[in-house]
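Data block below; observations after.
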Amino acid sequence: MAHELATVGLIDDFYDEDFADVSAVSNSGASGDLLAAAESAFVRRGVESALVVCAAAWSSKVTLVERMGYRSAKLWMLKR
């Protein structure tokens with residue numbers, strides 16, 4: 001990333017019961033509160049950018065993250 005490390009926040013593997021169904025958020029996206037709380041903590045710490053790790057096939061979580069203003073930015077490559 002082309003950012004000062006201290007100004008980048010990382011949200012990895014956050015979970016809420018609203019994501020139990022991989023295909024749809026079960027509570028109209030109320031889990032956005034958890035993500036919003038993390039973002040508020042970042043603001044207090046001077047974080048300028050945030051990276052959220054989210055499985056591409058987990059469409060309920062992807063939908064919520066996109067609703068919160070995130071977009072795909074990185075492509076991970078795997079060779080087995």
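Please note that chains go A, B, ... in the order of the structure tokens, that every chain numbers its residues from 1, and that ligands are numbered from 1 in the order shown.
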message: Residues within 7 Å of Phe19 in chain A, please, as a ChimeraX atom specification. Count only C-alpha atoms; anything in the same chain fewer than 4 positions from it doesn't count.
response: /A:15,25-26,60-61
message: I need the residues of range 1-79 of chain A that end up classed as alpha helix (DSSP H) by DSSP on the backbone, written out as number ranges by chain.
response: A: 32-44, 59-67
Take the residues just selected and output them with N, CA and C atoms as a short mmCIF file (atom, residue, chain, number, x, y, z; two decimals), in the first residue's frame.
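Output file out_8.cif is given in full below:
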```cif
data_model
loop_
_atom_site.label_atom_id
_atom_site.label_comp_id
_atom_site.auth_asym_id
_atom_site.auth_seq_id
_atom_site.Cartn_x
_atom_site.Cartn_y
_atom_site.Cartn_z
N GLY A 32 -23.88 -3.38 10.45
CA GLY A 32 -23.13 -2.19 10.08
C GLY A 32 -22.69 -1.41 11.31
N ASP A 33 -23.39 -1.61 12.44
CA ASP A 33 -23.01 -0.93 13.68
C ASP A 33 -21.61 -1.36 14.12
N LEU A 34 -21.30 -2.64 13.96
CA LEU A 34 -19.99 -3.16 14.33
C LEU A 34 -18.90 -2.54 13.47
N LEU A 35 -19.15 -2.47 12.18
CA LEU A 35 -18.20 -1.87 11.25
C LEU A 35 -18.07 -0.37 11.51
N ALA A 36 -19.18 0.30 11.77
CA ALA A 36 -19.15 1.74 12.06
C ALA A 36 -18.36 2.03 13.34
N ALA A 37 -18.47 1.15 14.33
CA ALA A 37 -17.71 1.33 15.57
C ALA A 37 -16.21 1.21 15.30
N ALA A 38 -15.84 0.26 14.45
CA ALA A 38 -14.42 0.12 14.09
C ALA A 38 -13.93 1.36 13.36
N GLU A 39 -14.75 1.87 12.45
CA GLU A 39 -14.36 3.08 11.71
C GLU A 39 -14.21 4.27 12.65
N SER A 40 -15.08 4.39 13.65
CA SER A 40 -14.98 5.48 14.63
C SER A 40 -13.68 5.38 15.41
N ALA A 41 -13.30 4.16 15.77
CA ALA A 41 -12.04 3.96 16.48
C ALA A 41 -10.86 4.38 15.59
N PHE A 42 -10.95 4.07 14.31
CA PHE A 42 -9.89 4.48 13.38
C PHE A 42 -9.76 5.99 13.33
N VAL A 43 -10.88 6.70 13.27
CA VAL A 43 -10.86 8.17 13.21
C VAL A 43 -10.16 8.72 14.46
N ARG A 44 -10.50 8.18 15.63
CA ARG A 44 -9.86 8.64 16.88
C ARG A 44 -8.36 8.41 16.87
N SER A 59 -21.51 -13.48 0.29
CA SER A 59 -22.24 -12.35 -0.30
C SER A 59 -22.97 -11.48 0.72
N SER A 60 -23.45 -12.05 1.84
CA SER A 60 -24.12 -11.21 2.84
C SER A 60 -23.15 -10.19 3.43
N LYS A 61 -21.95 -10.63 3.71
CA LYS A 61 -20.94 -9.74 4.29
C LYS A 61 -20.43 -8.75 3.24
N VAL A 62 -20.22 -9.22 2.02
CA VAL A 62 -19.77 -8.34 0.93
C VAL A 62 -20.79 -7.22 0.73
N THR A 63 -22.07 -7.57 0.72
CA THR A 63 -23.13 -6.57 0.52
C THR A 63 -23.08 -5.49 1.60
N LEU A 64 -22.93 -5.91 2.85
CA LEU A 64 -22.87 -4.94 3.94
C LEU A 64 -21.65 -4.03 3.80
N VAL A 65 -20.50 -4.62 3.54
CA VAL A 65 -19.27 -3.84 3.42
C VAL A 65 -19.39 -2.84 2.27
N GLU A 66 -19.97 -3.26 1.15
CA GLU A 66 -20.17 -2.34 0.03
C GLU A 66 -21.14 -1.23 0.40
N ARG A 67 -22.20 -1.54 1.14
CA ARG A 67 -23.14 -0.51 1.58
C ARG A 67 -22.47 0.54 2.46
#
```
query: In Å, with one decimal, what is the gap from CA of Ser23 in chain A to CA of Ile11 in chain A?
result: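 Result for CA of Ser23 in chain A versus CA of Ile11 in chain A: 20.9 Å, one decimal.
The smallest atom-to-atom distance between Asp18 in chain A and any of A:Met77, A:Val52, A:Gly69, A:Trp58, using only C-alpha atoms, is found for A:Trp58.
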- request: Between CA of Gly9 in chain A and CA of Ala24 in chain A, measure the distance and give it in Å to one decimal.
  value: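 CA of Ala24 in chain A lies 26.2 Å from CA of Gly9 in chain A.
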